[in-house]
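Heads up, start38.cif below (mmCIF, C-alpha atoms, pLDDT in the B column; chains and numbers go by the auth columns):
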data_work
loop_
_atom_site.group_PDB
_atom_site.id
_atom_site.type_symbol
_atom_site.label_atom_id
_atom_site.label_comp_id
_atom_site.label_asym_id
_atom_site.label_seq_id
_atom_site.Cartn_x
_atom_site.Cartn_y
_atom_site.Cartn_z
_atom_site.B_iso_or_equiv
_atom_site.auth_seq_id
_atom_site.auth_asym_id
ATOM 1 C CA MET A 1 -6.490 14.824 -0.675 58.00 1 A
ATOM 2 C CA GLU A 2 -7.848 13.431 -3.908 80.00 2 A
ATOM 3 C CA TRP A 3 -6.242 10.179 -5.010 89.00 3 A
ATOM 4 C CA GLN A 4 -8.168 9.657 -8.276 89.00 4 A
ATOM 5 C CA ALA A 5 -5.091 9.690 -10.545 91.00 5 A
ATOM 6 C CA ALA A 6 -3.298 7.237 -8.258 93.00 6 A
ATOM 7 C CA GLN A 7 -6.373 5.018 -8.126 92.00 7 A
ATOM 8 C CA ASN A 8 -6.462 4.880 -11.943 93.00 8 A
ATOM 9 C CA TYR A 9 -2.781 3.895 -12.012 94.00 9 A
ATOM 10 C CA PHE A 10 -3.260 1.140 -9.430 94.00 10 A
ATOM 11 C CA LYS A 11 -6.271 -0.222 -11.326 94.00 11 A
ATOM 12 C CA LYS A 12 -3.983 -0.803 -14.322 94.00 12 A
ATOM 13 C CA MET A 13 -1.425 -2.538 -12.094 93.00 13 A
ATOM 14 C CA ILE A 14 -3.745 -5.241 -10.742 94.00 14 A
ATOM 15 C CA GLY A 15 -2.328 -8.608 -11.744 92.00 15 A
ATOM 16 C CA LYS A 16 0.840 -7.182 -13.306 91.00 16 A
ATOM 17 C CA LYS A 17 4.246 -8.484 -12.291 90.00 17 A
ATOM 18 C CA VAL A 18 6.899 -6.133 -10.950 87.00 18 A
ATOM 19 C CA ALA A 19 10.423 -6.742 -12.233 85.00 19 A
ATOM 20 C CA TRP A 20 13.102 -7.631 -9.688 83.00 20 A
ATOM 21 C CA THR A 21 16.867 -7.355 -9.860 81.00 21 A
ATOM 22 C CA ILE A 22 18.679 -10.589 -10.498 73.00 22 A
ATOM 23 C CA SER A 23 21.629 -11.705 -8.417 66.00 23 A
ATOM 24 C CA ARG A 24 24.364 -13.509 -10.239 64.00 24 A
ATOM 25 C CA PRO A 25 25.738 -16.320 -8.063 62.00 25 A
ATOM 26 C CA GLU A 26 28.576 -16.966 -10.524 64.00 26 A
ATOM 27 C CA ASP A 27 30.367 -13.820 -9.309 62.00 27 A
ATOM 28 C CA GLY A 28 30.674 -15.388 -5.854 62.00 28 A
ATOM 29 C CA LEU A 29 28.460 -12.859 -4.107 64.00 29 A
ATOM 30 C CA VAL A 30 25.002 -13.611 -2.879 60.00 30 A
ATOM 31 C CA ARG A 31 22.779 -10.560 -3.124 64.00 31 A
ATOM 32 C CA ALA A 32 19.139 -10.292 -2.296 66.00 32 A
ATOM 33 C CA GLY A 33 17.095 -8.998 -5.201 75.00 33 A
ATOM 34 C CA TYR A 34 14.872 -5.992 -4.908 83.00 34 A
ATOM 35 C CA PRO A 35 11.838 -4.833 -6.858 88.00 35 A
ATOM 36 C CA LEU A 36 12.236 -2.253 -9.601 87.00 36 A
ATOM 37 C CA TYR A 37 9.346 0.119 -8.997 92.00 37 A
ATOM 38 C CA ASP A 38 8.261 2.654 -11.571 91.00 38 A
ATOM 39 C CA PRO A 39 8.267 6.413 -10.880 94.00 39 A
ATOM 40 C CA GLU A 40 4.463 6.615 -10.575 94.00 40 A
ATOM 41 C CA LEU A 41 4.461 4.264 -7.601 94.00 41 A
ATOM 42 C CA LEU A 42 7.387 6.032 -5.975 95.00 42 A
ATOM 43 C CA ASP A 43 5.651 9.405 -6.460 95.00 43 A
ATOM 44 C CA PHE A 44 2.477 8.038 -4.868 96.00 44 A
ATOM 45 C CA VAL A 45 4.388 6.712 -1.858 96.00 45 A
ATOM 46 C CA ARG A 46 6.211 10.004 -1.412 96.00 46 A
ATOM 47 C CA ASP A 47 2.984 12.030 -1.741 96.00 47 A
ATOM 48 C CA PHE A 48 1.002 9.723 0.540 96.00 48 A
ATOM 49 C CA LYS A 49 3.619 9.860 3.303 96.00 49 A
ATOM 50 C CA VAL A 50 3.409 13.658 3.476 96.00 50 A
ATOM 51 C CA SER A 51 -0.378 13.840 3.092 95.00 51 A
ATOM 52 C CA ALA A 52 -2.996 14.241 5.796 94.00 52 A
ATOM 53 C CA ASP A 53 -4.154 10.689 4.973 95.00 53 A
ATOM 54 C CA TYR A 54 -0.926 9.094 6.222 97.00 54 A
ATOM 55 C CA ASP A 55 -1.519 7.674 9.707 96.00 55 A
ATOM 56 C CA TYR A 56 1.605 7.590 11.869 96.00 56 A
ATOM 57 C CA HIS A 57 -0.306 5.478 14.393 97.00 57 A
ATOM 58 C CA TYR A 58 -1.737 3.027 11.864 97.00 58 A
ATOM 59 C CA ARG A 59 -1.248 -0.001 14.135 97.00 59 A
ATOM 60 C CA LYS A 60 -3.268 1.604 16.911 97.00 60 A
ATOM 61 C CA THR A 61 -5.929 2.759 14.438 97.00 61 A
ATOM 62 C CA LEU A 62 -6.303 -0.699 12.911 97.00 62 A
ATOM 63 C CA ARG A 63 -6.572 -2.284 16.367 97.00 63 A
ATOM 64 C CA HIS A 64 -9.275 0.289 17.206 96.00 64 A
ATOM 65 C CA TYR A 65 -11.293 -1.181 14.343 96.00 65 A
ATOM 66 C CA HIS A 66 -10.471 -4.736 15.515 96.00 66 A
ATOM 67 C CA VAL A 67 -8.206 -5.375 12.521 96.00 67 A
ATOM 68 C CA LYS A 68 -4.873 -7.088 13.053 96.00 68 A
ATOM 69 C CA PRO A 69 -2.123 -4.733 11.782 95.00 69 A
ATOM 70 C CA LYS A 70 -0.856 -7.183 9.195 94.00 70 A
ATOM 71 C CA LEU A 71 -1.054 -7.181 5.396 94.00 71 A
ATOM 72 C CA THR A 72 -3.180 -10.153 4.374 94.00 72 A
ATOM 73 C CA ALA A 73 -6.250 -10.657 2.201 95.00 73 A
ATOM 74 C CA VAL A 74 -8.297 -11.111 5.369 96.00 74 A
ATOM 75 C CA THR A 75 -7.187 -7.871 7.041 96.00 75 A
ATOM 76 C CA VAL A 76 -7.550 -5.810 3.869 96.00 76 A
ATOM 77 C CA GLY A 77 -10.981 -7.376 3.370 96.00 77 A
ATOM 78 C CA GLN A 78 -11.972 -6.397 6.902 96.00 78 A
ATOM 79 C CA VAL A 79 -10.959 -2.794 6.260 96.00 79 A
ATOM 80 C CA LEU A 80 -12.866 -2.745 2.965 95.00 80 A
ATOM 81 C CA LEU A 81 -15.980 -4.053 4.722 94.00 81 A
ATOM 82 C CA ILE A 82 -15.686 -1.359 7.395 93.00 82 A
ATOM 83 C CA ARG A 83 -15.772 1.276 4.597 91.00 83 A
ATOM 84 C CA ASN A 84 -14.213 3.914 6.799 93.00 84 A
ATOM 85 C CA HIS A 85 -11.797 6.586 5.596 93.00 85 A
ATOM 86 C CA ARG A 86 -9.626 6.397 8.718 95.00 86 A
ATOM 87 C CA ALA A 87 -9.326 2.591 8.616 96.00 87 A
ATOM 88 C CA ALA A 88 -8.471 2.606 4.887 96.00 88 A
ATOM 89 C CA ALA A 89 -5.832 5.304 5.416 96.00 89 A
ATOM 90 C CA ALA A 90 -4.338 3.268 8.265 97.00 90 A
ATOM 91 C CA MET A 91 -4.101 0.130 6.087 97.00 91 A
ATOM 92 C CA LEU A 92 -2.506 2.138 3.255 97.00 92 A
ATOM 93 C CA SER A 93 -0.030 3.552 5.776 97.00 93 A
ATOM 94 C CA LEU A 94 0.831 0.003 6.858 97.00 94 A
ATOM 95 C CA ILE A 95 1.419 -0.948 3.214 97.00 95 A
ATOM 96 C CA VAL A 96 3.562 2.136 2.534 96.00 96 A
ATOM 97 C CA ASP A 97 5.751 1.444 5.567 96.00 97 A
ATOM 98 C CA GLY A 98 5.773 -2.316 4.920 93.00 98 A
ATOM 99 C CA GLU A 99 8.319 -2.100 2.103 92.00 99 A
ATOM 100 C CA ASP A 100 10.986 -1.079 4.651 89.00 100 A
ATOM 101 C CA VAL A 101 10.359 -4.299 6.566 88.00 101 A
ATOM 102 C CA GLN A 102 9.828 -6.717 3.684 88.00 102 A
ATOM 103 C CA ARG A 103 10.845 -6.101 0.093 88.00 103 A
ATOM 104 C CA GLY A 104 8.058 -6.643 -2.354 90.00 104 A
ATOM 105 C CA THR A 105 5.242 -5.452 -0.094 94.00 105 A
ATOM 106 C CA TRP A 106 4.236 -2.735 -2.556 95.00 106 A
ATOM 107 C CA ALA A 107 4.448 -5.178 -5.477 93.00 107 A
ATOM 108 C CA ALA A 108 2.172 -7.686 -3.745 94.00 108 A
ATOM 109 C CA ALA A 109 -0.295 -4.984 -2.672 95.00 109 A
ATOM 110 C CA MET A 110 -0.451 -3.640 -6.249 95.00 110 A
ATOM 111 C CA GLN A 111 -0.846 -7.052 -7.884 94.00 111 A
ATOM 112 C CA GLU A 112 -3.622 -8.097 -5.522 95.00 112 A
ATOM 113 C CA GLY A 113 -5.487 -4.811 -5.975 95.00 113 A
ATOM 114 C CA TYR A 114 -5.253 -3.852 -2.300 96.00 114 A
ATOM 115 C CA ILE A 115 -3.973 -0.328 -2.956 96.00 115 A
ATOM 116 C CA TYR A 116 -6.590 0.270 -5.660 96.00 116 A
ATOM 117 C CA HIS A 117 -9.495 -0.809 -3.444 96.00 117 A
ATOM 118 C CA LEU A 118 -8.246 1.122 -0.406 96.00 118 A
ATOM 119 C CA LEU A 119 -7.860 4.263 -2.522 95.00 119 A
ATOM 120 C CA ALA A 120 -11.434 3.726 -3.741 94.00 120 A
ATOM 121 C CA VAL A 121 -12.560 4.015 -0.123 93.00 121 A
ATOM 122 C CA LEU A 122 -10.503 7.196 0.363 92.00 122 A
ATOM 123 C CA ASN A 123 -11.955 8.679 -2.846 89.00 123 A
ATOM 124 C CA ASP A 124 -15.570 7.808 -1.957 84.00 124 A
ATOM 125 C CA ASP A 125 -17.354 10.888 -0.594 71.00 125 A
ATOM 126 C CA GLU A 126 -20.060 8.743 0.977 66.00 126 A
ATOM 127 C CA VAL A 127 -17.651 6.858 3.246 64.00 127 A
ATOM 128 C CA THR A 128 -17.591 7.775 6.923 63.00 128 A
ATOM 129 C CA GLU A 129 -14.658 9.629 8.370 64.00 129 A
#
As structure tokens - that is how I would like this structure written.
Amino acid sequence: MEWQAAQNYFKKMIGKKVAWTISRPEDGLVRAGYPLYDPELLDFVRDFKVSADYDYHYRKTLRHYHVKPKLTAVTVGQVLLIRNHRAAAAMLSLIVDGEDVQRGTWAAAMQEGYIYHLLAVLNDDEVTE
């Protein structure tokens, strides 16, 4: 699947802050805030999860390439150096699923440019499968 439009969107999002809900302690309730994502990001996540690029076994795939299945600058950098479609898809799958485990995963991945650079690998026709 072509991800050019999504890649253009994520290029614009590098370095931008994502708004979060604010809890009001004065009402006596302590609520955890959550990020307010825009529809373009939510559409990308929905489309990616049902695409052929989504890797249900992303942890196993990343380990195959000797990359720890964790979202850090080091692990994303390793995947980018590998320049392999399957490894990039696995890391994007980890990011997409990561929001369920830790709020703000998508926001951090957008701000740091991880999603943009991983999509660049998926969009590159010269990258190995």
Problem set entry | Of the listed residues A:Lys49, A:Phe44, A:Ser93, A:Thr72, that which approaches Trp3 in chain A most closely, counting all atoms listed in the file |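 The shortest atom-to-atom distance to Trp3 in chain A comes from A:Phe44.
Across A:Arg103, A:Arg86, A:His117, A:His64, the tightest approach to Tyr9 in chain A is made by A:His117 when counting only C-alpha atoms.
Going from CA of Ala87 in chain A over to CA of Leu62 in chain A, you cover 6.2 Å.
If you measure from each of A:Asn8, A:Thr21, A:Thr61, A:Asn84 to Gly113 in chain A using only C-alpha atoms, the closest one turns out to be A:Asn8.
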Problem set entry | Among listed residues A:Ala5, A:Leu71, A:Ala108, A:Val50, nearest Ala19 in chain A (using all atoms listed in the file) |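 Using all atoms listed in the file, the shortest distance to Ala19 in chain A belongs to A:Ala108.
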Exercise. From the set A:Leu92, A:Glu112, A:Arg83, A:Glu99, which residue has the shortest atom-to-atom contact distance to Ser51 in chain A, counting only C-alpha atoms?
Worked result: A:Leu92
Exercise. Could you tell me, as a PyMOL selection string, which residues have any atom at most 12 Å from (2.5, -2.1, -12.2), counting only C-alpha atoms?
Worked result: chain A and resi 6+8-19+35-42+106-113+115-116
With C-alpha atoms retained, write the just-selected residues as a PDB file, in the coordinates of the input.
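Final file, again-v6.pdb:
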ATOM      1  CA  ALA A   6      -3.298   7.237  -8.258  1.00 93.00           C
ATOM      2  CA  ASN A   8      -6.462   4.880 -11.943  1.00 93.00           C
ATOM      3  CA  TYR A   9      -2.781   3.895 -12.012  1.00 94.00           C
ATOM      4  CA  PHE A  10      -3.260   1.140  -9.430  1.00 94.00           C
ATOM      5  CA  LYS A  11      -6.271  -0.222 -11.326  1.00 94.00           C
ATOM      6  CA  LYS A  12      -3.983  -0.803 -14.322  1.00 94.00           C
ATOM      7  CA  MET A  13      -1.425  -2.538 -12.094  1.00 93.00           C
ATOM      8  CA  ILE A  14      -3.745  -5.241 -10.742  1.00 94.00           C
ATOM      9  CA  GLY A  15      -2.328  -8.608 -11.744  1.00 92.00           C
ATOM     10  CA  LYS A  16       0.840  -7.182 -13.306  1.00 91.00           C
ATOM     11  CA  LYS A  17       4.246  -8.484 -12.291  1.00 90.00           C
ATOM     12  CA  VAL A  18       6.899  -6.133 -10.950  1.00 87.00           C
ATOM     13  CA  ALA A  19      10.423  -6.742 -12.233  1.00 85.00           C
ATOM     14  CA  PRO A  35      11.838  -4.833  -6.858  1.00 88.00           C
ATOM     15  CA  LEU A  36      12.236  -2.253  -9.601  1.00 87.00           C
ATOM     16  CA  TYR A  37       9.346   0.119  -8.997  1.00 92.00           C
ATOM     17  CA  ASP A  38       8.261   2.654 -11.571  1.00 91.00           C
ATOM     18  CA  PRO A  39       8.267   6.413 -10.880  1.00 94.00           C
ATOM     19  CA  GLU A  40       4.463   6.615 -10.575  1.00 94.00           C
ATOM     20  CA  LEU A  41       4.461   4.264  -7.601  1.00 94.00           C
ATOM     21  CA  LEU A  42       7.387   6.032  -5.975  1.00 95.00           C
ATOM     22  CA  TRP A 106       4.236  -2.735  -2.556  1.00 95.00           C
ATOM     23  CA  ALA A 107       4.448  -5.178  -5.477  1.00 93.00           C
ATOM     24  CA  ALA A 108       2.172  -7.686  -3.745  1.00 94.00           C
ATOM     25  CA  ALA A 109      -0.295  -4.984  -2.672  1.00 95.00           C
ATOM     26  CA  MET A 110      -0.451  -3.640  -6.249  1.00 95.00           C
ATOM     27  CA  GLN A 111      -0.846  -7.052  -7.884  1.00 94.00           C
ATOM     28  CA  GLU A 112      -3.622  -8.097  -5.522  1.00 95.00           C
ATOM     29  CA  GLY A 113      -5.487  -4.811  -5.975  1.00 95.00           C
ATOM     30  CA  ILE A 115      -3.973  -0.328  -2.956  1.00 96.00           C
ATOM     31  CA  TYR A 116      -6.590   0.270  -5.660  1.00 96.00           C
TER      32      TYR A 116
END
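Here the PyMOL selection byres ((chain A and resi 121) around 8) matches the residues Leu80, Arg83, Asn84, His85, Ala88, His117, Leu118, Leu119, Ala120, Leu122, Asn123, Asp124 and Val127 of chain A.
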Exercise. Any idea what's packed within 7 Å of Ala89 in chain A, counting all atoms listed in the file, ignoring anything in its chain fewer than 6 positions away? Could you give it as an NGL selection string?
Worked result: :A and (53-55)
Problem set entry | Distance criterion (all atoms listed in the file): nearest to Val76 in chain A out of A:Ala52, A:Arg46, A:Ile95, A:Arg59 |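 Residue with the minimum atom-to-atom distance to Val76 in chain A: A:Ile95.
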Exercise. In Å, how far is it from CA of Thr105 in chain A to CA of Gln4 in chain A?
Worked result: 21.8 Å
Given the PyMOL selection byres ((chain A and resi 63) around 12), the residues it picks as a CSV table (one decimal) with C-alpha atoms, in the coordinates of the input:
chain,number,residue,atom,x,y,z
A,57,HIS,CA,-0.3,5.5,14.4
A,58,TYR,CA,-1.7,3.0,11.9
A,59,ARG,CA,-1.2,0.0,14.1
A,60,LYS,CA,-3.3,1.6,16.9
A,61,THR,CA,-5.9,2.8,14.4
A,62,LEU,CA,-6.3,-0.7,12.9
A,64,HIS,CA,-9.3,0.3,17.2
A,65,TYR,CA,-11.3,-1.2,14.3
A,66,HIS,CA,-10.5,-4.7,15.5
A,67,VAL,CA,-8.2,-5.4,12.5
A,68,LYS,CA,-4.9,-7.1,13.1
A,69,PRO,CA,-2.1,-4.7,11.8
A,70,LYS,CA,-0.9,-7.2,9.2
A,75,THR,CA,-7.2,-7.9,7.0
A,78,GLN,CA,-12.0,-6.4,6.9
A,79,VAL,CA,-11.0,-2.8,6.3
A,86,ARG,CA,-9.6,6.4,8.7
A,87,ALA,CA,-9.3,2.6,8.6
A,90,ALA,CA,-4.3,3.3,8.3
A,91,MET,CA,-4.1,0.1,6.1
For this session: In Å, rounded to a single decimal, give me how far CA of Gln7 in chain A is from CA of Leu81 in chain A.
Result: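 CA of Gln7 in chain A lies at a distance of 18.4 Å from CA of Leu81 in chain A.
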Box for range 37-43 of chain A: with edges along x, y and z, all listed atoms inside and 6 Å added on each side, what are the centre and edge lengths in Å to one decimal, as lines of an AutoDock Vina configuration file?
center_x = 6.9
center_y = 4.8
center_z = -8.8
size_x = 16.9
size_y = 21.3
size_z = 17.6
Fix up range 68-89 of chain A with N, CA and C atoms, then write it as a JSON list (two decimals), in the coordinates of the input.
[["chain", "number", "residue", "atom", "x", "y", "z"],
["A", 68, "LYS", "N", -6.27, -6.79, 12.73],
["A", 68, "LYS", "CA", -4.87, -7.09, 13.05],
["A", 68, "LYS", "C", -3.98, -6.28, 12.11],
["A", 69, "PRO", "N", -2.99, -5.55, 12.65],
["A", 69, "PRO", "CA", -2.12, -4.73, 11.78],
["A", 69, "PRO", "C", -1.12, -5.58, 11.00],
["A", 70, "LYS", "N", -1.65, -6.29, 10.03],
["A", 70, "LYS", "CA", -0.86, -7.18, 9.20],
["A", 70, "LYS", "C", -1.44, -7.15, 7.79],
["A", 71, "LEU", "N", -0.59, -7.24, 6.78],
["A", 71, "LEU", "CA", -1.05, -7.18, 5.40],
["A", 71, "LEU", "C", -1.39, -8.58, 4.89],
["A", 72, "THR", "N", -2.67, -8.90, 4.92],
["A", 72, "THR", "CA", -3.18, -10.15, 4.37],
["A", 72, "THR", "C", -4.50, -9.87, 3.66],
["A", 73, "ALA", "N", -4.96, -10.82, 2.88],
["A", 73, "ALA", "CA", -6.25, -10.66, 2.20],
["A", 73, "ALA", "C", -7.38, -10.49, 3.22],
["A", 74, "VAL", "N", -7.25, -11.18, 4.34],
["A", 74, "VAL", "CA", -8.30, -11.11, 5.37],
["A", 74, "VAL", "C", -8.34, -9.72, 5.99],
["A", 75, "THR", "N", -7.19, -9.18, 6.38],
["A", 75, "THR", "CA", -7.19, -7.87, 7.04],
["A", 75, "THR", "C", -7.60, -6.75, 6.09],
["A", 76, "VAL", "N", -7.13, -6.82, 4.85],
["A", 76, "VAL", "CA", -7.55, -5.81, 3.87],
["A", 76, "VAL", "C", -9.05, -5.94, 3.63],
["A", 77, "GLY", "N", -9.55, -7.15, 3.54],
["A", 77, "GLY", "CA", -10.98, -7.38, 3.37],
["A", 77, "GLY", "C", -11.79, -6.81, 4.52],
["A", 78, "GLN", "N", -11.29, -6.96, 5.74],
["A", 78, "GLN", "CA", -11.97, -6.40, 6.90],
["A", 78, "GLN", "C", -12.07, -4.88, 6.79],
["A", 79, "VAL", "N", -10.97, -4.25, 6.40],
["A", 79, "VAL", "CA", -10.96, -2.79, 6.26],
["A", 79, "VAL", "C", -11.93, -2.36, 5.16],
["A", 80, "LEU", "N", -11.96, -3.10, 4.06],
["A", 80, "LEU", "CA", -12.87, -2.74, 2.96],
["A", 80, "LEU", "C", -14.33, -2.89, 3.39],
["A", 81, "LEU", "N", -14.62, -3.88, 4.22],
["A", 81, "LEU", "CA", -15.98, -4.05, 4.72],
["A", 81, "LEU", "C", -16.38, -2.95, 5.70],
["A", 82, "ILE", "N", -15.42, -2.45, 6.45],
["A", 82, "ILE", "CA", -15.69, -1.36, 7.40],
["A", 82, "ILE", "C", -16.10, -0.10, 6.64],
["A", 83, "ARG", "N", -15.50, 0.11, 5.44],
["A", 83, "ARG", "CA", -15.77, 1.28, 4.60],
["A", 83, "ARG", "C", -15.65, 2.57, 5.39],
["A", 84, "ASN", "N", -14.49, 2.74, 5.98],
["A", 84, "ASN", "CA", -14.21, 3.91, 6.80],
["A", 84, "ASN", "C", -12.92, 4.55, 6.31],
["A", 85, "HIS", "N", -12.96, 5.85, 6.11],
["A", 85, "HIS", "CA", -11.80, 6.59, 5.60],
["A", 85, "HIS", "C", -10.56, 6.38, 6.49],
["A", 86, "ARG", "N", -10.75, 6.50, 7.78],
["A", 86, "ARG", "CA", -9.63, 6.40, 8.72],
["A", 86, "ARG", "C", -9.01, 4.99, 8.71],
["A", 87, "ALA", "N", -9.83, 3.97, 8.64],
["A", 87, "ALA", "CA", -9.33, 2.59, 8.62],
["A", 87, "ALA", "C", -8.59, 2.32, 7.30],
["A", 88, "ALA", "N", -9.13, 2.80, 6.17],
["A", 88, "ALA", "CA", -8.47, 2.61, 4.89],
["A", 88, "ALA", "C", -7.13, 3.34, 4.84],
["A", 89, "ALA", "N", -7.08, 4.55, 5.37],
["A", 89, "ALA", "CA", -5.83, 5.30, 5.42],
["A", 89, "ALA", "C", -4.80, 4.59, 6.29]]
